[in-house]
Structures are given as C-alpha cells and as structure tokens.
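As structure tokens, the structure follows; a few thoughts come after it.
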Amino acid sequence: MIGLDSRSRVDIGQLQNRTYRQLGIRVNAVEIPDAIAIVEHWIACRGPAQYIAVTGMHGMTEAQEDPQFKQVLNQAGLVVPDGMPLVWLARRHGFDLKRRVYGPEFMISFCAATAQKSYRHFFYGGAEGVAQDLASTLKRRFPGVVVAGTYTPPFRRLTSQEENEVEHLVLQTNPDILWVGLSTPKQENWMFAHRHLSVPVMVGVGAAFDLNTGRLRQAPSWMREHGLEWLFRLCAEPRRLWRRYLIQGSKFVLYLLAEMIGLRKFN
C-alpha cells in the first residue's frame, strides 16, 4: 500500500467491519468521513475495482424481488445508508450513527476534502450535458479537482460498440474514482458488470448529478435529516416517484415487520 501506516490499515479494517444485516443485505454502519477514508484507502492501494452502493429503502426492497440484484449489493465493497431508515436500523443494531451517507453530499464532501490531492474524477450518467455541467461545477467550486472524463449514456441498452468505446475511454483517461449517476438498480448493476475496469472505485450516486448542478431542488436540511426527503421528492416529481415511495416504501415496512417478529427469514 502507498502512504498508509499500520495504524491506518487497522482503522480502515475496523471501519469496513462495522456492518449489520437487514433483509438479507449487509449494510456498512459508516458515515461520510468514514466512507471518504475508505475510498482514499482503495485509491492508494490501486487494487481491483471496488464499488459503493449508496442505498436506502428503495434499493433494499428491490433486492427482495430480484435475487440477482441482492447479490450485486452483497458483493459491493460498501453498502452505505443513504436513507434515514437504514441509519435508524443501524442504531437498533448498536451502532451510534449520527447521519446518513447522502449521495449528493458525499460527492461534495469528497471533493472538498480531497481537491488538493489531484484525484482524477470520471462522471458517467445523467441526461445530455449534465455530466459535463457537473464536472464544470465541481471544478469551479473546488479548485484542484481533476476531471478525467465524462460520458452520457443513451436511454437504452448500449450496443457492443458503445460498450467498447466506454471501456476504452475509461482506460485512456485513467480515473481514480468513477461517479455513476443512473438510478437504482441500474447504477449498481452497471458497476457490478464493469468491475473489471481499471478504476480503483466506482460510486453510484443516483440523482446527485441533477441535484449538485441545480437541475433538481434539494429538500430542506431539516427534512433530509429527519427522514422526510421522500415526501419532498414525491411532491416535486409525483408521476415518476409515486410507485417508489408509496408502494415500495410500504413493502419495505412490511418486510421489516415480518423479519423483526420472525414471520419470515431473509437470506
């Protein structure tokens, strides 16, 4: 490893071992500073590609209906609690988490903490022009951030030629961290399928591309910190999100109750 002493190695190992299982999924009981430390460790090691699933009740529920997706989550280097329900569950399992690893905030915090280290960032996802706008926004806010490249995929399955172009672009630009702004479960499945890429870490951050460029309004901080962001987003985009929050959210609660009172086991 590069630039990490034995104490750092122990601390990173302890952070990665802070986990609990819920609905058959391993969740890492970490906060944003912990996740930043782990990502920097992976970048320093330059080992096989790792990926981070930033997930909440939506991802947990999707995994119950798609065993392959559950496997994708459980093979992630980190599954971090994006939603407050996963923070509350972590506390129930004995972990004193104060805050969640909110995807848009994690991206901003990582850039703020590491801008002077010249890590190379690649942005994959978003609508036409969004990845480029995000790259420009972050460079402007955090002088020192290095943009290795951007790629906006079409709203369809990529052809073999396009897949080859993406892999060649990533290989050519040699990023340290690749941000994936699709949606769950697309972004996690994409990272799992591309873990052979020569990039130390990939992070699926969903709507962070739109939120961090101002295309979508963020919920007020008091709503984000008290588990009410879903209500704000549902009111903002009811047609797109009603099924996720009303149907999937209800299923999540039922699954939890079934597990907690012993009616069902989740493997």
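Chain labels run A, B, ... following the order of the structure tokens; each chain numbers its residues from 1, and ligands are numbered from 1 in the order shown.
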
Could the residues of range 5-69 of chain A that have an atom at most 7 Å from range 251-267 of chain A be listed as a Markdown table, each with its closest atom pair and the distance in Å to one decimal, counting only C-alpha atoms and ordered by chain and ascending residue number?
| residue | atom | partner | partner_atom | distance |
| --- | --- | --- | --- | --- |
| A:Leu23 | CA | A:Phe266 | CA | 5.0 |
| A:Gly24 | CA | A:Asn267 | CA | 4.5 |
| A:Met57 | CA | A:Phe252 | CA | 6.2 |
| A:Thr61 | CA | A:Phe252 | CA | 5.5 |

What residues in range 89-212 of chain A get the DSSP label alpha helix (DSSP H)? Please answer as a PyMOL selection string.
chain A and resi 89-92+103-114+130-141+160-173+186-193+208-211

How close does each residue of range 49-115 of chain A get to range 177-192 of chain A, giving the shortest atom pair and distance in Å to one decimal for every residue with an atom at most 10 Å away, counting only C-alpha atoms, sorted by chain and residue number, as a Markdown table?
| residue | atom | partner | partner_atom | distance |
| --- | --- | --- | --- | --- |
| A:Ala49 | CA | A:Met191 | CA | 9.4 |
| A:Gln50 | CA | A:Met191 | CA | 8.8 |
| A:Tyr51 | CA | A:Met191 | CA | 6.5 |
| A:Ile52 | CA | A:Glu188 | CA | 8.2 |
| A:Ala53 | CA | A:Glu188 | CA | 6.3 |
| A:Val54 | CA | A:Glu188 | CA | 8.9 |
| A:Thr55 | CA | A:Thr184 | CA | 8.1 |
| A:Gly56 | CA | A:Thr184 | CA | 9.8 |
| A:His58 | CA | A:Thr184 | CA | 7.8 |
| A:Gly59 | CA | A:Thr184 | CA | 6.3 |
| A:Glu62 | CA | A:Pro185 | CA | 7.5 |
| A:Ala63 | CA | A:Pro185 | CA | 8.7 |
| A:Asp66 | CA | A:Pro185 | CA | 9.8 |
| A:Gln68 | CA | A:Asn189 | CA | 9.2 |
| A:Phe69 | CA | A:Asn189 | CA | 7.2 |
| A:Lys70 | CA | A:Pro185 | CA | 9.9 |
| A:Gln71 | CA | A:Phe192 | CA | 9.7 |
| A:Val72 | CA | A:Phe192 | CA | 6.4 |
| A:Leu73 | CA | A:Glu188 | CA | 7.3 |
| A:Gln75 | CA | A:Phe192 | CA | 8.3 |
| A:Ala76 | CA | A:Phe192 | CA | 7.9 |
| A:Gly103 | CA | A:Gly181 | CA | 9.9 |
| A:Met107 | CA | A:Trp179 | CA | 8.5 |

Between CA of Thr114 in chain A and CA of Cys45 in chain A lies a distance of 16.3 Å

Quick one: everything within 12 Å of Ser221 in chain A, counting only C-alpha atoms, minus sequence neighbours fewer than 3 positions away in the same chain. Send it as a list of chain:residue names.
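Contacts, with the query itself left out: A:Arg99, A:Tyr102, A:Glu105, A:Arg217, A:Gln218, A:Arg224, A:Glu225, A:His226, A:Gly227, A:Leu228, A:Glu229, A:Phe232.
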
What is the CA of Val79 in chain A-CA of Arg26 in chain A distance in Å, reported with one decimal?
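If I compute the distance from CA of Val79 in chain A to CA of Arg26 in chain A, I get 7.0 Å.
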
Return as JSON, numbers by chain the full set of residues in range 11-249 of chain A whose backbone-based DSSP assignment is strand (DSSP E or B).
{"A": [19, 20, 21, 22, 25, 26, 27, 28, 50, 51, 52, 53, 54, 55, 78, 79, 80, 81, 120, 121, 122, 123, 124, 125, 146, 147, 148, 149, 150, 151, 177, 178, 179, 180, 181, 201, 202, 203, 204]}

Write out, as a compact mmCIF listing (two decimals), in the first residue's frame, the residues just selected, with N, CA and C atoms.
# COMPACT_ATOMS: atom_id res chain seq x y z
N THR A 19 -20.60 -3.59 10.30
CA THR A 19 -21.72 -3.95 9.43
C THR A 19 -22.87 -4.55 10.23
N TYR A 20 -24.05 -4.49 9.65
CA TYR A 20 -25.19 -5.24 10.17
C TYR A 20 -25.96 -5.81 8.98
N ARG A 21 -26.76 -6.81 9.23
CA ARG A 21 -27.56 -7.42 8.17
C ARG A 21 -29.04 -7.14 8.40
N GLN A 22 -29.69 -6.75 7.31
CA GLN A 22 -31.13 -6.50 7.36
C GLN A 22 -31.73 -6.93 6.04
N ILE A 25 -29.29 -8.37 3.55
CA ILE A 25 -28.30 -7.50 2.91
C ILE A 25 -27.33 -6.96 3.96
N ARG A 26 -26.04 -7.01 3.64
CA ARG A 26 -25.02 -6.45 4.52
C ARG A 26 -24.95 -4.95 4.31
N VAL A 27 -25.14 -4.19 5.40
CA VAL A 27 -25.07 -2.73 5.34
C VAL A 27 -23.89 -2.28 6.19
N ASN A 28 -23.09 -1.37 5.66
CA ASN A 28 -21.95 -0.84 6.41
C ASN A 28 -22.40 0.34 7.26
N GLN A 50 -13.38 -1.52 -6.77
CA GLN A 50 -14.40 -1.64 -5.75
C GLN A 50 -15.58 -0.75 -6.16
N TYR A 51 -16.78 -1.11 -5.69
CA TYR A 51 -17.90 -0.22 -5.96
C TYR A 51 -18.73 -0.03 -4.70
N ILE A 52 -19.34 1.16 -4.62
CA ILE A 52 -20.14 1.54 -3.45
C ILE A 52 -21.59 1.68 -3.86
N ALA A 53 -22.46 0.98 -3.16
CA ALA A 53 -23.90 1.11 -3.35
C ALA A 53 -24.42 2.07 -2.28
N VAL A 54 -24.87 3.23 -2.72
CA VAL A 54 -25.47 4.22 -1.82
C VAL A 54 -26.96 3.96 -1.84
N THR A 55 -27.45 3.28 -0.81
CA THR A 55 -28.81 2.75 -0.94
C THR A 55 -29.68 3.07 0.27
N LEU A 78 -18.80 -1.48 -0.38
CA LEU A 78 -19.56 -0.84 0.69
C LEU A 78 -21.01 -0.73 0.27
N VAL A 79 -21.91 -0.96 1.21
CA VAL A 79 -23.32 -0.61 1.04
C VAL A 79 -23.61 0.40 2.14
N VAL A 80 -23.74 1.67 1.77
CA VAL A 80 -23.84 2.72 2.77
C VAL A 80 -25.28 3.20 2.91
N PRO A 81 -25.67 3.64 4.13
CA PRO A 81 -27.06 4.03 4.39
C PRO A 81 -27.39 5.41 3.84
N ARG A 120 -8.34 11.91 -9.94
CA ARG A 120 -8.95 12.06 -11.26
C ARG A 120 -10.39 11.51 -11.21
N HIS A 121 -11.36 12.36 -11.55
CA HIS A 121 -12.78 12.02 -11.46
C HIS A 121 -13.37 11.78 -12.86
N PHE A 122 -14.18 10.74 -12.96
CA PHE A 122 -14.91 10.46 -14.20
C PHE A 122 -16.39 10.44 -13.84
N PHE A 123 -17.22 11.08 -14.70
CA PHE A 123 -18.65 11.18 -14.43
C PHE A 123 -19.43 10.46 -15.54
N TYR A 124 -20.17 9.42 -15.15
CA TYR A 124 -20.91 8.60 -16.10
C TYR A 124 -22.40 8.67 -15.74
N GLY A 125 -23.21 9.19 -16.67
CA GLY A 125 -24.65 9.21 -16.41
C GLY A 125 -25.27 10.56 -16.67
N VAL A 146 -9.63 17.31 -10.49
CA VAL A 146 -9.21 16.97 -11.86
C VAL A 146 -10.31 16.12 -12.50
N VAL A 147 -10.81 16.57 -13.63
CA VAL A 147 -11.83 15.81 -14.37
C VAL A 147 -11.14 14.97 -15.43
N ALA A 148 -11.20 13.65 -15.25
CA ALA A 148 -10.59 12.75 -16.23
C ALA A 148 -11.46 12.62 -17.47
N GLY A 149 -12.79 12.60 -17.28
CA GLY A 149 -13.66 12.46 -18.42
C GLY A 149 -15.12 12.39 -18.01
N THR A 150 -16.00 12.45 -19.00
CA THR A 150 -17.44 12.33 -18.78
C THR A 150 -18.03 11.48 -19.90
N TYR A 151 -19.18 10.87 -19.60
CA TYR A 151 -19.88 10.10 -20.64
C TYR A 151 -21.37 10.10 -20.30
N ILE A 177 -11.56 7.71 -9.43
CA ILE A 177 -12.92 7.48 -8.94
C ILE A 177 -13.92 7.75 -10.06
N LEU A 178 -14.87 6.84 -10.22
CA LEU A 178 -15.86 6.96 -11.28
C LEU A 178 -17.24 7.09 -10.64
N TRP A 179 -17.86 8.25 -10.84
CA TRP A 179 -19.19 8.52 -10.29
C TRP A 179 -20.25 8.09 -11.30
N VAL A 180 -21.21 7.30 -10.84
CA VAL A 180 -22.26 6.77 -11.73
C VAL A 180 -23.60 7.38 -11.32
N GLY A 181 -24.18 8.16 -12.22
CA GLY A 181 -25.45 8.83 -11.93
C GLY A 181 -26.57 8.27 -12.78
N VAL A 201 -12.23 2.79 -7.68
CA VAL A 201 -13.54 2.81 -7.01
C VAL A 201 -14.60 3.46 -7.90
N MET A 202 -15.79 2.86 -7.87
CA MET A 202 -16.97 3.42 -8.53
C MET A 202 -18.03 3.67 -7.47
N VAL A 203 -18.77 4.78 -7.61
CA VAL A 203 -19.79 5.13 -6.62
C VAL A 203 -21.09 5.46 -7.34
N GLY A 204 -22.16 4.75 -7.00
CA GLY A 204 -23.46 5.04 -7.58
C GLY A 204 -24.19 6.08 -6.76

CA of Gly126 in chain A to CA of Arg244 in chain A measures 19.4 Å

Which neighbours of Ala127 in chain A fall inside 9 Å, counting only C-alpha atoms, when residues of the same chain fewer than 5 positions from it are skipped, and could you give them as number ranges by chain?
A: 152-155, 210

Considering only C-alpha atoms, return as a VMD selection string whatever protein or nucleic-acid residues lie within 10 Å of Leu134 in chain A, sequence-local ones (same chain, fewer than 4 positions apart) excluded.
chain A and resid 123 126 129 to 130 138 to 140 150 208 to 214

Emit the selected residues as an mmCIF file, in the first residue's frame, including N, CA and C atoms.
data_model
loop_
_atom_site.group_PDB
_atom_site.id
_atom_site.type_symbol
_atom_site.label_atom_id
_atom_site.label_comp_id
_atom_site.auth_asym_id
_atom_site.auth_seq_id
_atom_site.Cartn_x
_atom_site.Cartn_y
_atom_site.Cartn_z
ATOM 1 N N PHE A 123 -17.217 11.079 -14.696
ATOM 2 C CA PHE A 123 -18.651 11.177 -14.434
ATOM 3 C C PHE A 123 -19.425 10.460 -15.543
ATOM 4 N N GLY A 126 -26.542 10.686 -16.264
ATOM 5 C CA GLY A 126 -27.271 11.934 -16.429
ATOM 6 C C GLY A 126 -27.819 12.112 -17.827
ATOM 7 N N GLY A 129 -25.590 16.513 -21.436
ATOM 8 C CA GLY A 129 -24.947 17.714 -20.933
ATOM 9 C C GLY A 129 -24.807 17.807 -19.424
ATOM 10 N N VAL A 130 -25.492 16.939 -18.684
ATOM 11 C CA VAL A 130 -25.480 17.052 -17.226
ATOM 12 C C VAL A 130 -24.123 16.669 -16.640
ATOM 13 N N LEU A 138 -18.093 21.299 -10.220
ATOM 14 C CA LEU A 138 -17.186 20.843 -9.168
ATOM 15 C C LEU A 138 -15.801 21.466 -9.319
ATOM 16 N N LYS A 139 -15.334 21.620 -10.541
ATOM 17 C CA LYS A 139 -14.030 22.266 -10.756
ATOM 18 C C LYS A 139 -14.070 23.723 -10.296
ATOM 19 N N ARG A 140 -15.198 24.367 -10.540
ATOM 20 C CA ARG A 140 -15.328 25.769 -10.135
ATOM 21 C C ARG A 140 -15.414 25.896 -8.615
ATOM 22 N N THR A 150 -16.001 12.448 -18.997
ATOM 23 C CA THR A 150 -17.442 12.334 -18.779
ATOM 24 C C THR A 150 -18.034 11.479 -19.897
ATOM 25 N N ALA A 208 -27.684 12.599 -7.700
ATOM 26 C CA ALA A 208 -26.679 13.605 -7.317
ATOM 27 C C ALA A 208 -26.256 14.465 -8.499
ATOM 28 N N PHE A 209 -26.247 13.891 -9.705
ATOM 29 C CA PHE A 209 -25.861 14.675 -10.877
ATOM 30 C C PHE A 209 -26.814 15.859 -11.045
ATOM 31 N N ASP A 210 -28.116 15.607 -10.947
ATOM 32 C CA ASP A 210 -29.105 16.671 -11.116
ATOM 33 C C ASP A 210 -29.157 17.597 -9.909
ATOM 34 N N LEU A 211 -29.016 17.048 -8.711
ATOM 35 C CA LEU A 211 -29.099 17.867 -7.501
ATOM 36 C C LEU A 211 -27.891 18.783 -7.365
ATOM 37 N N ASN A 212 -26.709 18.270 -7.681
ATOM 38 C CA ASN A 212 -25.498 19.071 -7.491
ATOM 39 C C ASN A 212 -25.247 20.060 -8.617
ATOM 40 N N THR A 213 -26.055 19.990 -9.679
ATOM 41 C CA THR A 213 -25.992 21.014 -10.727
ATOM 42 C C THR A 213 -27.180 21.962 -10.655
ATOM 43 N N GLY A 214 -28.062 21.744 -9.693
ATOM 44 C CA GLY A 214 -29.212 22.627 -9.528
ATOM 45 C C GLY A 214 -30.382 22.321 -10.417
#

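By chain and then residue number, the residues within 10 Å of Ile43 in chain A are A:Met1, A:Ile2, A:Ala37, A:Ile38, A:Val39, A:Gly47, A:Ala49, A:Gln50, A:Tyr119, A:Pro175, A:Asp176, A:Ile177, A:Val199, A:Pro200, A:Val201, counting only C-alpha atoms and disregarding those fewer than 4 positions away in sequence.
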
Compare A:Arg233, A:Arg18, A:Arg215, A:Arg239 by their minimum atom-to-atom distance to Gly94 in chain A, counting only C-alpha atoms, and give me the closest one.
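Of the candidates, the smallest distance to Gly94 in chain A is held by A:Arg18.
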